[in-house]
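Here's target_0.cif, which has mmCIF, C-alpha atoms and all ligand atoms:
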```
data_data
loop_
_atom_site.label_atom_id
_atom_site.label_comp_id
_atom_site.auth_asym_id
_atom_site.auth_seq_id
_atom_site.Cartn_x
_atom_site.Cartn_y
_atom_site.Cartn_z
CA MET G 1 114.89 159.24 42.86
CA ASN G 2 115.73 156.44 40.37
CA THR G 3 117.32 153.44 42.02
CA ASN G 4 118.37 150.01 40.80
CA PHE G 5 120.05 148.49 43.84
CA ILE G 6 118.15 149.94 46.78
CA SER G 7 114.49 150.64 47.39
CA VAL G 8 113.26 153.65 49.29
CA GLU G 9 109.90 154.11 50.93
CA VAL G 10 108.73 157.03 53.05
CA ASN G 11 105.78 156.62 55.35
CA GLN G 12 104.63 158.72 58.31
CA GLY G 13 107.95 160.50 58.71
CA VAL G 14 110.07 157.34 58.41
CA MET G 15 112.33 156.51 55.47
CA ILE G 16 113.00 152.79 54.93
CA LEU G 17 116.09 152.25 52.81
CA THR G 18 116.38 148.62 51.69
CA LEU G 19 119.64 147.34 50.21
CA ASN G 20 118.52 145.25 47.28
CA ARG G 21 121.06 142.86 45.79
CA PRO G 22 119.84 139.73 47.58
CA GLU G 23 121.64 137.29 45.26
CA VAL G 24 124.97 138.50 46.71
CA LEU G 25 123.66 139.13 50.24
CA ASN G 26 123.34 142.85 49.40
CA SER G 27 127.07 143.32 49.05
CA PHE G 28 127.96 146.81 47.85
CA ASN G 29 128.80 147.59 44.27
CA GLU G 30 129.60 151.19 43.35
CA ALA G 31 126.07 151.95 42.17
CA MET G 32 124.48 150.70 45.38
CA ALA G 33 126.89 152.81 47.42
CA LYS G 34 126.06 155.93 45.40
CA GLU G 35 122.32 155.27 45.61
CA THR G 36 122.63 154.82 49.39
CA GLN G 37 124.47 158.13 49.65
CA MET G 38 121.75 159.86 47.62
CA ALA G 39 118.95 158.40 49.72
CA LEU G 40 120.64 159.54 52.92
CA ASP G 41 121.08 163.03 51.43
CA GLN G 42 117.38 163.04 50.68
CA ALA G 43 116.61 161.95 54.25
CA GLU G 44 118.78 164.75 55.56
CA GLN G 45 117.23 167.44 53.38
CA ASN G 46 113.57 166.51 53.75
CA PRO G 47 112.19 167.91 57.03
CA GLU G 48 109.22 165.56 56.78
CA ILE G 49 111.58 162.60 57.30
CA ARG G 50 112.28 162.29 61.03
CA ALA G 51 113.77 158.78 61.29
CA VAL G 52 115.57 156.40 58.93
CA ILE G 53 115.70 152.61 58.83
CA ILE G 54 118.35 150.71 56.86
CA THR G 55 117.62 147.07 56.14
CA GLY G 56 118.36 144.37 53.56
CA GLU G 57 116.31 142.39 51.07
CA GLY G 58 116.36 138.59 51.29
CA ARG G 59 118.36 136.50 53.73
CA GLY G 60 121.26 138.92 54.26
CA PHE G 61 121.63 142.43 55.63
CA CYS G 62 124.85 143.23 53.80
CA ALA G 63 128.04 141.22 53.05
CA GLY G 64 130.25 144.30 52.63
CA GLN G 65 132.16 145.06 49.46
CA ASP G 66 131.13 143.10 46.36
CA LEU G 67 134.35 141.16 45.94
CA GLN G 68 133.62 140.43 42.27
CA GLU G 69 133.67 144.14 41.52
CA VAL G 70 137.19 144.65 42.84
CA LEU G 71 138.66 141.68 40.99
CA THR G 72 140.86 142.42 37.99
CA SER G 73 139.34 140.56 35.06
CA GLU G 74 138.95 140.77 31.30
CA MET G 75 135.64 142.57 31.79
CA ASN G 76 137.15 144.91 34.40
CA PRO G 77 140.89 145.26 33.68
CA THR G 78 141.42 148.32 35.89
CA PRO G 79 139.18 148.14 38.96
CA LYS G 80 138.93 151.25 41.10
CA PRO G 81 141.82 151.51 43.59
CA ILE G 82 140.85 150.20 47.00
CA GLN G 83 141.58 153.50 48.77
CA LYS G 84 139.18 155.29 46.43
CA ILE G 85 136.49 152.68 47.06
CA VAL G 86 136.74 153.25 50.78
CA GLU G 87 136.91 157.04 50.46
CA GLU G 88 134.22 157.44 47.82
CA HIS G 89 131.77 154.62 48.61
CA TYR G 90 131.82 153.89 52.33
CA ASN G 91 133.19 156.94 54.12
CA PRO G 92 130.46 159.32 52.94
CA ILE G 93 127.78 156.86 54.08
CA VAL G 94 129.28 156.51 57.56
CA GLN G 95 129.82 160.25 57.86
CA LYS G 96 126.21 160.91 56.87
CA ILE G 97 124.75 158.34 59.26
CA ARG G 98 126.69 159.83 62.16
CA GLU G 99 126.01 163.45 61.22
CA ILE G 100 122.41 163.39 60.02
CA GLU G 101 120.37 165.12 62.71
CA LYS G 102 117.80 162.34 62.83
CA PRO G 103 117.82 158.86 64.36
CA VAL G 104 119.04 156.06 62.10
CA ILE G 105 118.11 152.45 62.88
CA ALA G 106 119.71 149.34 61.36
CA ALA G 107 117.10 146.59 61.05
CA VAL G 108 119.48 143.68 60.63
CA ASN G 109 117.51 140.92 58.97
CA GLY G 110 120.44 138.61 58.15
CA VAL G 111 124.19 138.22 58.10
CA ALA G 112 126.17 141.47 58.37
CA ALA G 113 129.78 141.05 57.25
CA GLY G 114 132.72 143.36 56.52
CA ALA G 115 131.57 146.84 55.61
CA GLY G 116 128.02 145.52 56.06
CA ALA G 117 128.62 144.82 59.76
CA ASN G 118 130.07 148.25 60.34
CA LEU G 119 127.35 149.95 58.32
CA ALA G 120 124.92 148.52 60.88
CA LEU G 121 127.06 149.31 63.92
CA VAL G 122 127.48 153.01 63.11
CA CYS G 123 123.71 153.46 63.19
CA ASP G 124 122.12 154.96 66.31
CA PHE G 125 120.12 151.82 67.03
CA VAL G 126 120.75 148.26 65.85
CA ILE G 127 117.98 145.68 66.08
CA ALA G 128 118.93 142.23 64.81
CA ASP G 129 117.07 138.98 64.24
CA GLU G 130 118.36 136.37 66.68
CA SER G 131 119.98 134.22 63.96
CA VAL G 132 122.04 137.16 62.66
CA ALA G 133 125.82 136.90 62.69
CA PHE G 134 128.03 140.01 62.71
CA VAL G 135 131.37 139.24 61.09
CA GLN G 136 134.45 141.48 60.90
CA ALA G 137 135.34 139.53 57.76
CA PHE G 138 138.19 141.81 56.67
CA SER G 139 141.08 139.84 58.18
CA LYS G 140 139.88 136.71 56.37
CA ILE G 141 140.83 138.39 53.10
CA GLY G 142 143.89 140.24 54.35
CA LEU G 143 142.27 143.65 54.80
CA VAL G 144 141.83 146.04 57.71
CA PRO G 145 138.39 146.93 59.06
CA ASP G 146 136.83 149.99 57.44
CA THR G 147 133.42 151.69 57.25
CA GLY G 148 134.04 153.17 60.68
CA GLY G 149 134.62 149.83 62.40
CA THR G 150 137.82 150.81 64.17
CA TRP G 151 136.03 153.94 65.46
CA ILE G 152 132.75 152.45 66.61
CA LEU G 153 133.59 148.93 67.81
CA PRO G 154 136.08 149.85 70.59
CA ARG G 155 133.57 152.45 71.77
CA LEU G 156 130.80 149.85 71.90
CA VAL G 157 132.60 146.79 73.26
CA GLY G 158 136.06 147.94 74.43
CA MET G 159 139.48 147.17 72.96
CA ALA G 160 139.73 143.51 73.98
CA GLN G 161 136.53 142.40 72.27
CA ALA G 162 137.02 144.70 69.28
CA THR G 163 140.50 143.27 68.76
CA ARG G 164 139.20 139.71 69.05
CA MET G 165 136.47 140.32 66.47
CA MET G 166 138.82 142.06 64.06
CA PHE G 167 141.72 139.62 64.33
CA LEU G 168 139.73 136.40 64.48
CA GLY G 169 136.92 137.42 62.13
CA ASP G 170 134.62 135.10 64.06
CA LYS G 171 130.84 135.22 63.91
CA VAL G 172 129.27 137.21 66.73
CA MET G 173 125.65 136.15 67.05
CA ALA G 174 122.96 138.72 67.86
CA THR G 175 122.43 137.59 71.46
CA GLU G 176 126.15 137.84 72.22
CA ALA G 177 126.29 141.19 70.42
CA LYS G 178 123.53 142.48 72.68
CA SER G 179 125.16 141.15 75.83
CA LEU G 180 128.42 142.88 74.82
CA GLY G 181 126.60 146.20 74.35
CA MET G 182 127.32 146.13 70.63
CA ILE G 183 123.69 146.36 69.52
CA TYR G 184 120.51 147.74 71.00
CA ASP G 185 118.22 144.73 70.76
CA VAL G 186 117.58 141.23 69.44
CA SER G 187 114.26 140.18 67.98
CA GLU G 188 112.68 136.91 67.00
CA ASN G 189 113.71 135.80 63.54
CA GLY G 190 111.90 137.71 60.82
CA THR G 191 110.83 140.56 63.10
CA ALA G 192 113.79 142.99 63.17
CA LEU G 193 112.20 145.23 60.56
CA GLU G 194 108.81 145.27 62.27
CA LYS G 195 110.42 146.07 65.59
CA SER G 196 112.50 148.79 63.95
CA LYS G 197 109.38 150.30 62.36
CA ASN G 198 107.74 150.49 65.78
CA LEU G 199 110.79 152.20 67.24
CA ALA G 200 111.14 154.56 64.26
CA GLY G 201 107.44 155.44 64.54
CA GLN G 202 107.95 156.44 68.17
CA LEU G 203 111.13 158.40 67.42
CA ALA G 204 109.60 160.24 64.45
CA VAL G 205 107.10 162.04 66.69
CA GLN G 206 109.69 163.13 69.25
CA PRO G 207 111.71 166.40 69.31
CA THR G 208 113.91 165.63 66.29
CA LYS G 209 116.19 168.64 66.67
CA ALA G 210 117.10 167.65 70.22
CA PHE G 211 117.98 164.18 68.92
CA GLY G 212 120.21 165.72 66.26
CA TYR G 213 122.05 167.82 68.83
CA THR G 214 122.36 164.79 71.13
CA LYS G 215 124.01 162.87 68.29
CA LYS G 216 126.54 165.65 67.85
CA LEU G 217 127.34 165.60 71.56
CA LEU G 218 127.73 161.82 71.60
CA ASN G 219 129.91 161.89 68.48
CA GLN G 220 132.45 164.16 70.13
CA SER G 221 132.23 162.80 73.69
CA PHE G 222 135.14 160.35 73.51
CA GLU G 223 137.48 162.98 72.11
CA SER G 224 136.58 165.76 74.57
CA ILE G 225 137.88 166.51 77.99
CA LEU G 226 135.16 167.17 80.57
CA SER G 227 135.32 170.96 80.38
CA GLN G 228 134.96 170.88 76.57
CA GLN G 229 132.03 168.53 76.79
CA LEU G 230 130.29 170.64 79.43
CA GLN G 231 130.76 173.68 77.22
CA ALA G 232 129.37 171.83 74.21
CA GLU G 233 126.36 170.69 76.25
CA ALA G 234 125.69 174.31 77.21
CA LEU G 235 125.86 175.42 73.57
CA PHE G 236 123.62 172.66 72.27
CA GLN G 237 121.23 173.17 75.18
CA ALA G 238 120.88 176.77 74.04
CA LYS G 239 120.05 175.56 70.55
CA ALA G 240 117.57 172.97 71.84
CA GLY G 241 116.06 175.55 74.17
CA ALA G 242 115.35 177.80 71.20
CA THR G 243 113.30 175.16 69.33
CA GLU G 244 109.53 175.16 68.98
CA ASP G 245 109.53 171.59 70.27
CA HIS G 246 111.06 172.71 73.55
CA GLN G 247 108.30 175.31 73.95
CA GLU G 248 105.73 172.65 73.15
CA GLY G 249 107.28 170.15 75.58
CA VAL G 250 107.18 172.59 78.47
CA ALA G 251 103.67 173.81 77.61
CA ALA G 252 102.39 170.23 77.37
CA PHE G 253 103.94 169.37 80.72
CA LEU G 254 102.37 172.36 82.44
CA GLU G 255 98.99 171.78 80.79
CA LYS G 256 99.15 168.07 81.69
CA ARG G 257 98.66 166.90 78.08
CA LYS G 258 100.67 164.91 75.55
CA PRO G 259 103.15 167.01 73.57
CA HIS G 260 102.75 167.37 69.83
CA TYR G 261 106.28 167.71 68.49
CA GLN G 262 106.83 168.96 64.94
CA GLY G 263 110.58 168.48 64.64
CA LYS G 264 111.07 172.26 64.59
O1 LIG C 301 137.74 147.30 47.72
C1 LIG C 301 137.66 146.80 48.83
O2 LIG C 301 137.66 145.58 49.02
C2 LIG C 301 137.62 147.72 50.02
C3 LIG C 301 136.40 147.61 50.78
C4 LIG C 301 136.29 146.69 51.74
C5 LIG C 301 135.08 146.57 52.54
C6 LIG C 301 134.68 145.16 52.83
O3 LIG C 301 133.54 144.97 53.12
S1 LIG C 301 135.85 143.92 52.78
C7 LIG C 301 134.89 142.48 53.25
C8 LIG C 301 134.09 141.94 52.12
N1 LIG C 301 133.14 140.94 52.54
C9 LIG C 301 133.49 139.71 52.86
O4 LIG C 301 134.63 139.32 52.85
C10 LIG C 301 132.35 138.75 53.16
C11 LIG C 301 132.26 137.67 52.10
N2 LIG C 301 131.14 136.82 52.36
C12 LIG C 301 131.15 135.85 53.28
O5 LIG C 301 132.10 135.65 54.01
C13 LIG C 301 129.93 135.00 53.37
O6 LIG C 301 129.21 135.12 52.18
C14 LIG C 301 129.00 135.35 54.56
C15 LIG C 301 129.68 134.96 55.87
C16 LIG C 301 128.66 136.82 54.56
C17 LIG C 301 127.70 134.54 54.42
O7 LIG C 301 127.97 133.19 54.21
P1 LIG C 301 126.82 132.22 53.67
O8 LIG C 301 127.40 130.82 53.69
O9 LIG C 301 125.59 132.46 54.42
O10 LIG C 301 126.52 132.68 52.16
P2 LIG C 301 127.41 132.43 50.85
O11 LIG C 301 127.02 131.15 50.23
O12 LIG C 301 128.85 132.61 51.17
O13 LIG C 301 126.95 133.67 49.93
C18 LIG C 301 125.74 133.63 49.18
C19 LIG C 301 126.04 134.22 47.81
O14 LIG C 301 126.44 135.59 47.99
C20 LIG C 301 127.22 133.50 47.14
O15 LIG C 301 126.98 133.54 45.76
P3 LIG C 301 126.52 132.19 44.99
O16 LIG C 301 127.52 131.13 45.31
O17 LIG C 301 125.16 131.88 45.54
O18 LIG C 301 126.49 132.59 43.53
C21 LIG C 301 128.38 134.40 47.47
O19 LIG C 301 129.43 134.31 46.53
C22 LIG C 301 127.73 135.78 47.40
N3 LIG C 301 128.46 136.73 48.23
C23 LIG C 301 128.52 136.80 49.56
N4 LIG C 301 129.29 137.81 49.95
C24 LIG C 301 129.75 138.40 48.83
C25 LIG C 301 129.22 137.72 47.72
N5 LIG C 301 129.51 138.07 46.47
C26 LIG C 301 130.34 139.13 46.30
N6 LIG C 301 130.86 139.83 47.31
C27 LIG C 301 130.61 139.50 48.58
N7 LIG C 301 131.10 140.24 49.60
#
```

Reformat the file's structure so that it appears as structure tokens.
Amino acid sequence: MNTNFISVEVNQGVMILTLNRPEVLNSFNEAMAKETQMALDQAEQNPEIRAVIITGEGRGFCAGQDLQEVLTSEMNPTPKPIQKIVEEHYNPIVQKIREIEKPVIAAVNGVAAGAGANLALVCDFVIADESVAFVQAFSKIGLVPDTGGTWILPRLVGMAQATRMMFLGDKVMATEAKSLGMIYDVSENGTALEKSKNLAGQLAVQPTKAFGYTKKLLNQSFESILSQQLQAEALFQAKAGATEDHQEGVAAFLEKRKPHYQGK
């Protein structure tokens, strides 16, 4: 895959997708959004890839939309309409992260603002360096939160804190984010990626299909009534129970040995 604004590396079942426009804190232009979509498609389709890490190059994770790109100028007299940017650039990325049947980790190495904050928060795990600030920057420029923010944030921190972050656009530092239940973990500065690699390495040798089904159950849990959720658990348990990894897990338990899961 040819890329100009991200880099992609696959090692021992883990894809590391690095947003790579450090001079603008990895803010998204159209090309970077499309390349990110393609890399996630590749992660979805390749059975050898069993965990994904998203991180940023340089001192930022991602500062959201590249605000230069949306400006009307002589060079760019008719910028893409804002609705299309959201629908065509960000929504497919969020949808893919939530639906891909593999764990996705955000290794947040630096500031995460606007769409960049929500890109991190929709991942299954978020590990952030302690100096990282998460900023719902949208209100500062008269916009509403997008990139799944209004879906994920109330689920993570409740309405009161989500509203505060979205209305005030204040910086939420990594330690506060963790204490609010907004992110999974905080790491010493400069170590979020390393910590994420360790986690991804562990996850990539686990029963991947069961993780995928668990994601689907979690995705629908807030919209379901109990009876629907119980029914869905039964259906996905049947699917998980039919996997080779389930057979292997039970056999390993009975034989008192470590399981060797293949993601099948
Ligand atoms: O079309 C649409 O708009 C719809 C989509 C919306 C989705 C969104 O994401 S809307 C929200 C867009 N993002 C923002 O509003 C955040 C803007 N950035 C900031 O508020 C600050 O840069 C940060 C709080 C993230 C970090 O501050 P700081 O002081 O650490 O860095 P800085 O000096 O502001 O930025 C460093 C450079 O990156 C600077 O360029 P320079 O002066 O060195 O040449 C700055 O202009 C550039 N930069 C940062 N964010 C963006 C950006 N350039 C373009 N777009 C950005 N979003």

What is the distance between CA of Asn118 in chain G and CA of Gly148 in chain G, in Å to one decimal?
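Computing the Euclidean distance for CA of Asn118 in chain G and CA of Gly148 in chain G yields 6.3 Å.
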
Selected residue of minimal separation from ligand LIG 301 (chain C) among G:Ile53, G:Ala115, G:Pro47, G:Val8, counting only C-alpha atoms and all ligand atoms:
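Smallest separation from ligand LIG 301 (chain C) among the options: G:Ala115.
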
Measuring between only C-alpha atoms and all ligand atoms, which one of G:Met1, G:Val86, G:Leu226, G:Leu218 shows the shortest distance to ligand LIG 301 (chain C)?
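When distances to ligand LIG 301 (chain C) are compared using only C-alpha atoms and all ligand atoms, the smallest one comes from G:Val86.
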
Set the cut-off to 7 Å, count only C-alpha atoms and all ligand atoms, and list whatever residues fall near ligand LIG 301 (chain C) as a PyMOL selection string.
chain G and resi 23-25+27+63-68+70+82+85-86+111-116+135+137-138+140-141+143+146

For a test of reading the model, state the distance in Å between CA of Ile49 in chain G and CA of Cys123 in chain G, rounded to one decimal.
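Interatomic distance, CA of Ile49 in chain G to CA of Cys123 in chain G: 16.3 Å.
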
For a test of reading the model, state the distance in Å between CA of Thr36 in chain G and CA of Ile93 in chain G, rounded to one decimal.
7.3 Å

List every protein, DNA or RNA residue that has at least one atom no more than 12 Å from (119.0, 164.5, 55.2) in the file's coordinates, counting only C-alpha atoms, and write the result as a PDB file with C-alpha atoms, in the coordinates of the input.
```pdb
ATOM      1  CA  VAL G  14     110.070 157.340  58.410  1.00  0.00           C
ATOM      2  CA  MET G  15     112.330 156.510  55.470  1.00  0.00           C
ATOM      3  CA  THR G  36     122.630 154.820  49.390  1.00  0.00           C
ATOM      4  CA  GLN G  37     124.470 158.130  49.650  1.00  0.00           C
ATOM      5  CA  MET G  38     121.750 159.860  47.620  1.00  0.00           C
ATOM      6  CA  ALA G  39     118.950 158.400  49.720  1.00  0.00           C
ATOM      7  CA  LEU G  40     120.640 159.540  52.920  1.00  0.00           C
ATOM      8  CA  ASP G  41     121.080 163.030  51.430  1.00  0.00           C
ATOM      9  CA  GLN G  42     117.380 163.040  50.680  1.00  0.00           C
ATOM     10  CA  ALA G  43     116.610 161.950  54.250  1.00  0.00           C
ATOM     11  CA  GLU G  44     118.780 164.750  55.560  1.00  0.00           C
ATOM     12  CA  GLN G  45     117.230 167.440  53.380  1.00  0.00           C
ATOM     13  CA  ASN G  46     113.570 166.510  53.750  1.00  0.00           C
ATOM     14  CA  PRO G  47     112.190 167.910  57.030  1.00  0.00           C
ATOM     15  CA  GLU G  48     109.220 165.560  56.780  1.00  0.00           C
ATOM     16  CA  ILE G  49     111.580 162.600  57.300  1.00  0.00           C
ATOM     17  CA  ARG G  50     112.280 162.290  61.030  1.00  0.00           C
ATOM     18  CA  ALA G  51     113.770 158.780  61.290  1.00  0.00           C
ATOM     19  CA  VAL G  52     115.570 156.400  58.930  1.00  0.00           C
ATOM     20  CA  ILE G  93     127.780 156.860  54.080  1.00  0.00           C
ATOM     21  CA  GLN G  95     129.820 160.250  57.860  1.00  0.00           C
ATOM     22  CA  LYS G  96     126.210 160.910  56.870  1.00  0.00           C
ATOM     23  CA  ILE G  97     124.750 158.340  59.260  1.00  0.00           C
ATOM     24  CA  ARG G  98     126.690 159.830  62.160  1.00  0.00           C
ATOM     25  CA  GLU G  99     126.010 163.450  61.220  1.00  0.00           C
ATOM     26  CA  ILE G 100     122.410 163.390  60.020  1.00  0.00           C
ATOM     27  CA  GLU G 101     120.370 165.120  62.710  1.00  0.00           C
ATOM     28  CA  LYS G 102     117.800 162.340  62.830  1.00  0.00           C
ATOM     29  CA  PRO G 103     117.820 158.860  64.360  1.00  0.00           C
ATOM     30  CA  VAL G 104     119.040 156.060  62.100  1.00  0.00           C
ATOM     31  CA  GLY G 212     120.210 165.720  66.260  1.00  0.00           C
TER      32      GLY G 212
END
```

Hey, what's within 7 Å of Gln136 in chain G if we count all atoms listed in the file and toss same-chain stuff fewer than 6 positions away? As a list in words, please?
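What passes the distance filter is Ala113, Gly114, Ala117, Pro145, Met165, Met166 and Gly169 of chain G.
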
Resulting file, chosen residues, C-alpha atoms, as a short mmCIF file (atom, residue, chain, number, x, y, z; two decimals), in the coordinates of the input:
```
data_model
loop_
_atom_site.label_atom_id
_atom_site.label_comp_id
_atom_site.auth_asym_id
_atom_site.auth_seq_id
_atom_site.Cartn_x
_atom_site.Cartn_y
_atom_site.Cartn_z
CA ALA G 113 129.78 141.05 57.25
CA GLY G 114 132.72 143.36 56.52
CA ALA G 117 128.62 144.82 59.76
CA PRO G 145 138.39 146.93 59.06
CA MET G 165 136.47 140.32 66.47
CA MET G 166 138.82 142.06 64.06
CA GLY G 169 136.92 137.42 62.13
#
```

Restricting to all atoms listed in the file, whichever of G:Ser131, G:Thr214, G:Gln262, G:Asn109 is closest to His246 in chain G is G:Gln262

Top pick for closest residue to Leu180 in chain G, considering G:Ala128, G:Leu119, G:Ala242, G:Val157 and counting all atoms listed in the file
G:Val157

Which of these, G:Glu130, G:Asp124, G:Glu255, G:His260, has the shortest distance to Lys215 in chain G once you count only C-alpha atoms?
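Checking each candidate against Lys215 in chain G, we get G:Asp124 as the closest.
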
Selected residue, from G:Leu193, G:Val122, G:Leu203, G:Val144, that lies nearest to Gln83 in chain G when counting all atoms listed in the file
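Checking each candidate against Gln83 in chain G, we get G:Val144 as the closest.
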
Please define a box with edges along x, y and z of the file around all atoms of range 215-228 of chain G given in the file, extend it by 3 Å on each side, and return its centre and edge lengths in Å to one decimal, as JSON.
```
{"center_x": 130.9, "center_y": 165.7, "center_z": 74.2, "size_x": 19.9, "size_y": 16.6, "size_z": 18.7}
```
